[in-house]
Amino acid sequence: AGMARGDGRHYGGAAPGPLAGAAEALKRAWCAARDSFDAYTREPMAFTGASLAMLYLTVMSFGNIMTGYLRAIGASQVDIAAFRGVGALAGLLASVLYPVLHTRWALGSIAQAAVWWQWSCVAVAAVACMPMVPLAEHARFYLLVSFVVLSRFGLWCFDMAANQLIQEGVHREEFGRFNTVQESLQMAFEMLAYAATLVLADTSRFWVLAVISTSATGAAALNFSCCARRPPVATDSRAYEELEPENAGGAEA
């Protein structure tokens with residue numbers, strides 16, 4: 001092997017090339033990513049985080065994609081802006097009511113009810129987008145935006161409950177790596193939504209995007225419901241125990 005002098009030059013052998021250095025850097029990055037993902041999956045809150053990430057695979061919000069569709073079916077900018085404001089108020093209402101709900105129900109119960117509420121609203125909104133459903137354009141618009149607004153309440157409640165479960169249930173020494181993977185998963189699902197929009201760019205196919213969004217929300221709800229029934233894993237927090245009302249009741253007895 002070559003030895004390096006103080007001025008950075010090598011002698012006694014060839015210096016490593018740029019490709020070798022890049023390959024080594026990629027290998028270290030891959031190992032770090034793999035270790036972080038392994039740490040993520042070992043946490044009892046991994047299923048909760050995955051459910052939260054799945055909700056990012058959606059076009060059923062008042063973002064650019066849905067706004068373009070609404071404009072295509074003849075909605076005015078005033079109407080769209082008004083419903084955007086109402087949607088923001090729905091999220092604000094969820095923020096106000098969430099502490100009240102938390103005083104009466106466990107975090108797991110709130111999250112489960114909220115994500116299923118969101119799915120039911122998004123499903124109705126998706127049906128309203130389907131061209132095979134005989135609806136007048138104004139009725140299609142009001143049905144779609146009304147149920148998207150209603151879904152925002154469930155989304156915000158689930159987001160707050162899931163994040164609190166994660167904050168209280170993840171081991172403190174793994175919290176940084178867990179959040180890094182969580183953010184990466186959320187961005188990955190969001191990118192999938194944009195990729196699907198590139199493939200199905202025609203506004204006449206928006207209903208397909210709506211079905212994909214409904215499926216992702218349903219998968220998140222099913223995943224969380226299955227997670228809520230898994231036996232708790234030993235951790236330094238009692239947050240995960242709230243997902244197991246049967247165990248909690250037995251402990252009180």
# chains A, B, ... in the order shown; residues from 1 in each chain; ligands from 1

$ select_by_dssp --residues "stretch 122-248 of chain A" --states "alpha helix (DSSP H)" --output "number ranges by chain"
A: 122-129, 137-169, 175-199, 206-228, 245-248

$ atom_distance --atom1 "atom CA of A:Trp207" --atom2 "atom CA of A:Ser225"
26.6 Å

$ closest_residue --among "A:Ser76, A:Thr41, A:Thr217, A:Asn163" --to "A:Trp119" --atoms "only C-alpha atoms"
A:Thr217

$ residues_around --residues "A:Phe153" --least-positions-apart "5" --cutoff "10 Å" --atoms "only C-alpha atoms" --output "tab-separated table (two decimals) with C-alpha atoms, in the first residue's frame"
chain	number	residue	atom	x	y	z
A	87	GLY	CA	-60.20	23.57	5.01
A	88	ALA	CA	-57.68	25.55	7.03
A	89	LEU	CA	-60.40	26.25	9.61
A	90	ALA	CA	-61.13	22.51	9.81
A	91	GLY	CA	-57.48	21.91	10.64
A	92	LEU	CA	-57.55	24.69	13.21
A	93	LEU	CA	-60.67	23.18	14.78
A	94	ALA	CA	-58.85	19.84	15.06
A	95	SER	CA	-55.96	21.59	16.82
A	97	LEU	CA	-60.35	20.00	20.00
A	114	ALA	CA	-59.25	10.01	12.96
A	115	VAL	CA	-57.57	8.04	10.18
A	117	TRP	CA	-62.72	9.33	9.42
A	118	GLN	CA	-60.26	10.72	6.90
A	121	CYS	CA	-64.34	11.38	3.63
A	148	VAL	CA	-62.02	17.04	1.27
A	158	PHE	CA	-54.27	11.74	13.22
A	159	ASP	CA	-51.13	13.75	12.52

$ residues_around --residues "A:Ala75" --least-positions-apart "2" --cutoff "12 Å" --atoms "only C-alpha atoms" --output "ChimeraX atom specification"
/A:66-73,77-83,137-142,144-145

$ atom_distance --atom1 "atom CA of A:Cys157" --atom2 "atom CA of A:Gly218"
16.1 Å

$ atom_distance --atom1 "atom CA of A:Phe224" --atom2 "atom CA of A:Gln112"
6.9 Å

$ closest_residue --among "A:Ala25, A:Ala39, A:Ala106, A:Leu55" --to "A:Gln186" --atoms "only C-alpha atoms"
A:Leu55

$ residues_around --residues "A:Ser213" --least-positions-apart "3" --cutoff "9 Å" --atoms "only C-alpha atoms" --output "ChimeraX atom specification"
/A:55-60,122-123,126,193,208-210,216-218

$ write_last_selection --atoms "C-alpha atoms" --output "short mmCIF file (atom, residue, chain, number, x, y, z; two decimals), in the first residue's frame"
data_model
loop_
_atom_site.label_atom_id
_atom_site.label_comp_id
_atom_site.auth_asym_id
_atom_site.auth_seq_id
_atom_site.Cartn_x
_atom_site.Cartn_y
_atom_site.Cartn_z
CA LEU A 55 -50.96 9.76 3.92
CA TYR A 56 -48.50 11.81 1.85
CA LEU A 57 -49.43 9.75 -1.21
CA THR A 58 -52.47 11.86 -2.01
CA VAL A 59 -53.84 14.48 -4.36
CA MET A 60 -56.98 14.95 -2.26
CA VAL A 122 -61.68 10.89 0.97
CA ALA A 123 -63.55 7.86 -0.39
CA ALA A 126 -63.10 10.15 -4.86
CA ALA A 193 -47.96 11.26 -5.77
CA VAL A 208 -57.67 7.54 -11.00
CA LEU A 209 -55.38 9.70 -8.85
CA ALA A 210 -58.26 10.09 -6.40
CA ALA A 216 -53.16 4.92 0.26
CA THR A 217 -55.32 6.39 3.02
CA GLY A 218 -57.10 3.06 3.46
#

$ closest_residue --among "A:Arg205, A:Ala161, A:Met45, A:Arg28" --to "A:Ala113" --atoms "only C-alpha atoms"
A:Ala161

$ closest_residue --among "A:Arg34, A:Arg42, A:Lys27, A:Arg84" --to "A:Ser146" --atoms "only C-alpha atoms"
A:Arg84

$ select_by_dssp --residues "stretch 3-248 of chain A" --states "strand (DSSP E)" --output "list in words"
Met3, Ala4, His10 and Tyr11 of chain A

$ write_last_selection --atoms "all heavy atoms" --output "PDB file, in the first residue's frame"
ATOM      1  N   MET A   3       2.064   5.109   0.822  1.00  0.00           N
ATOM      2  CA  MET A   3       2.058   5.948   2.016  1.00  0.00           C
ATOM      3  C   MET A   3       1.964   7.399   1.583  1.00  0.00           C
ATOM      4  O   MET A   3       2.515   7.806   0.559  1.00  0.00           O
ATOM      5  CB  MET A   3       3.323   5.709   2.843  1.00  0.00           C
ATOM      6  CG  MET A   3       3.466   4.268   3.333  1.00  0.00           C
ATOM      7  SD  MET A   3       4.953   4.043   4.288  1.00  0.00           S
ATOM      8  CE  MET A   3       4.621   5.153   5.663  1.00  0.00           C
ATOM      9  N   ALA A   4       1.279   8.209   2.367  1.00  0.00           N
ATOM     10  CA  ALA A   4       1.085   9.614   2.031  1.00  0.00           C
ATOM     11  C   ALA A   4       2.097  10.459   2.748  1.00  0.00           C
ATOM     12  O   ALA A   4       2.388  10.246   3.918  1.00  0.00           O
ATOM     13  CB  ALA A   4      -0.331  10.055   2.414  1.00  0.00           C
ATOM     14  N   HIS A  10       1.407  10.826  -2.623  1.00  0.00           N
ATOM     15  CA  HIS A  10       1.608   9.412  -2.283  1.00  0.00           C
ATOM     16  C   HIS A  10       2.895   8.916  -2.926  1.00  0.00           C
ATOM     17  O   HIS A  10       3.300   9.358  -4.002  1.00  0.00           O
ATOM     18  CB  HIS A  10       0.434   8.560  -2.797  1.00  0.00           C
ATOM     19  CG  HIS A  10      -0.818   8.789  -2.025  1.00  0.00           C
ATOM     20  ND1 HIS A  10      -1.309   7.888  -1.117  1.00  0.00           N
ATOM     21  CD2 HIS A  10      -1.681   9.836  -2.034  1.00  0.00           C
ATOM     22  CE1 HIS A  10      -2.422   8.356  -0.591  1.00  0.00           C
ATOM     23  NE2 HIS A  10      -2.674   9.533  -1.146  1.00  0.00           N
ATOM     24  N   TYR A  11       3.531   7.973  -2.229  1.00  0.00           N
ATOM     25  CA  TYR A  11       4.682   7.299  -2.813  1.00  0.00           C
ATOM     26  C   TYR A  11       4.660   5.853  -2.349  1.00  0.00           C
ATOM     27  O   TYR A  11       3.992   5.511  -1.382  1.00  0.00           O
ATOM     28  CB  TYR A  11       5.998   7.980  -2.402  1.00  0.00           C
ATOM     29  CG  TYR A  11       6.270   7.957  -0.915  1.00  0.00           C
ATOM     30  CD1 TYR A  11       7.015   6.927  -0.348  1.00  0.00           C
ATOM     31  CD2 TYR A  11       5.771   8.954  -0.086  1.00  0.00           C
ATOM     32  CE1 TYR A  11       7.272   6.904   1.011  1.00  0.00           C
ATOM     33  CE2 TYR A  11       6.013   8.925   1.266  1.00  0.00           C
ATOM     34  CZ  TYR A  11       6.780   7.914   1.815  1.00  0.00           C
ATOM     35  OH  TYR A  11       7.019   7.902   3.159  1.00  0.00           O
TER      36      TYR A  11
END

$ closest_residue --among "A:Ala219, A:Ala162, A:Leu192, A:Ala136" --to "A:Gly74" --atoms "only C-alpha atoms"
A:Ala136

$ decode --residues "stretch 29-50 of chain A" --atoms "N, CA and C atoms" --output "JSON list (two decimals), in the first residue's frame"
[["chain", "number", "residue", "atom", "x", "y", "z"],
["A", 29, "ALA", "N", -22.43, 5.76, 2.79],
["A", 29, "ALA", "CA", -23.79, 6.32, 2.84],
["A", 29, "ALA", "C", -24.84, 5.22, 2.85],
["A", 30, "TRP", "N", -24.61, 4.18, 2.04],
["A", 30, "TRP", "CA", -25.55, 3.06, 2.00],
["A", 30, "TRP", "C", -25.60, 2.34, 3.35],
["A", 31, "CYS", "N", -24.45, 2.12, 3.95],
["A", 31, "CYS", "CA", -24.41, 1.44, 5.25],
["A", 31, "CYS", "C", -25.11, 2.26, 6.32],
["A", 32, "ALA", "N", -24.89, 3.58, 6.28],
["A", 32, "ALA", "CA", -25.55, 4.44, 7.26],
["A", 32, "ALA", "C", -27.07, 4.43, 7.07],
["A", 33, "ALA", "N", -27.51, 4.48, 5.81],
["A", 33, "ALA", "CA", -28.95, 4.45, 5.53],
["A", 33, "ALA", "C", -29.56, 3.13, 5.96],
["A", 34, "ARG", "N", -28.85, 2.03, 5.68],
["A", 34, "ARG", "CA", -29.35, 0.70, 6.06],
["A", 34, "ARG", "C", -29.44, 0.57, 7.58],
["A", 35, "ASP", "N", -28.43, 1.06, 8.29],
["A", 35, "ASP", "CA", -28.45, 0.99, 9.76],
["A", 35, "ASP", "C", -29.59, 1.82, 10.32],
["A", 36, "SER", "N", -29.83, 3.00, 9.72],
["A", 36, "SER", "CA", -30.91, 3.86, 10.20],
["A", 36, "SER", "C", -32.27, 3.20, 9.96],
["A", 37, "PHE", "N", -32.42, 2.57, 8.78],
["A", 37, "PHE", "CA", -33.69, 1.90, 8.49],
["A", 37, "PHE", "C", -33.90, 0.70, 9.41],
["A", 38, "ASP", "N", -32.84, -0.04, 9.69],
["A", 38, "ASP", "CA", -32.95, -1.16, 10.62],
["A", 38, "ASP", "C", -33.36, -0.68, 12.01],
["A", 39, "ALA", "N", -32.77, 0.44, 12.44],
["A", 39, "ALA", "CA", -33.14, 1.01, 13.74],
["A", 39, "ALA", "C", -34.59, 1.46, 13.74],
["A", 40, "TYR", "N", -35.04, 2.00, 12.62],
["A", 40, "TYR", "CA", -36.44, 2.45, 12.48],
["A", 40, "TYR", "C", -37.40, 1.27, 12.63],
["A", 41, "THR", "N", -37.12, 0.18, 11.92],
["A", 41, "THR", "CA", -38.03, -0.96, 11.95],
["A", 41, "THR", "C", -38.04, -1.67, 13.30],
["A", 42, "ARG", "N", -36.99, -1.50, 14.09],
["A", 42, "ARG", "CA", -36.96, -2.14, 15.41],
["A", 42, "ARG", "C", -37.82, -1.40, 16.43],
["A", 43, "GLU", "N", -38.17, -0.17, 16.15],
["A", 43, "GLU", "CA", -38.96, 0.61, 17.10],
["A", 43, "GLU", "C", -40.43, 0.19, 17.07],
["A", 44, "PRO", "N", -41.08, 0.15, 18.22],
["A", 44, "PRO", "CA", -42.51, -0.21, 18.25],
["A", 44, "PRO", "C", -43.40, 0.78, 17.53],
["A", 45, "MET", "N", -42.91, 2.01, 17.29],
["A", 45, "MET", "CA", -43.70, 3.03, 16.61],
["A", 45, "MET", "C", -43.50, 3.03, 15.10],
["A", 46, "ALA", "N", -42.79, 2.04, 14.57],
["A", 46, "ALA", "CA", -42.51, 2.01, 13.13],
["A", 46, "ALA", "C", -43.80, 1.94, 12.31],
["A", 47, "PHE", "N", -44.77, 1.13, 12.75],
["A", 47, "PHE", "CA", -46.01, 1.02, 12.01],
["A", 47, "PHE", "C", -46.80, 2.32, 12.06],
["A", 48, "THR", "N", -46.75, 3.00, 13.18],
["A", 48, "THR", "CA", -47.41, 4.30, 13.29],
["A", 48, "THR", "C", -46.77, 5.30, 12.33],
["A", 49, "GLY", "N", -45.44, 5.32, 12.29],
["A", 49, "GLY", "CA", -44.75, 6.21, 11.36],
["A", 49, "GLY", "C", -45.04, 5.87, 9.91],
["A", 50, "ALA", "N", -45.11, 4.58, 9.59],
["A", 50, "ALA", "CA", -45.41, 4.18, 8.22],
["A", 50, "ALA", "C", -46.82, 4.61, 7.81]]
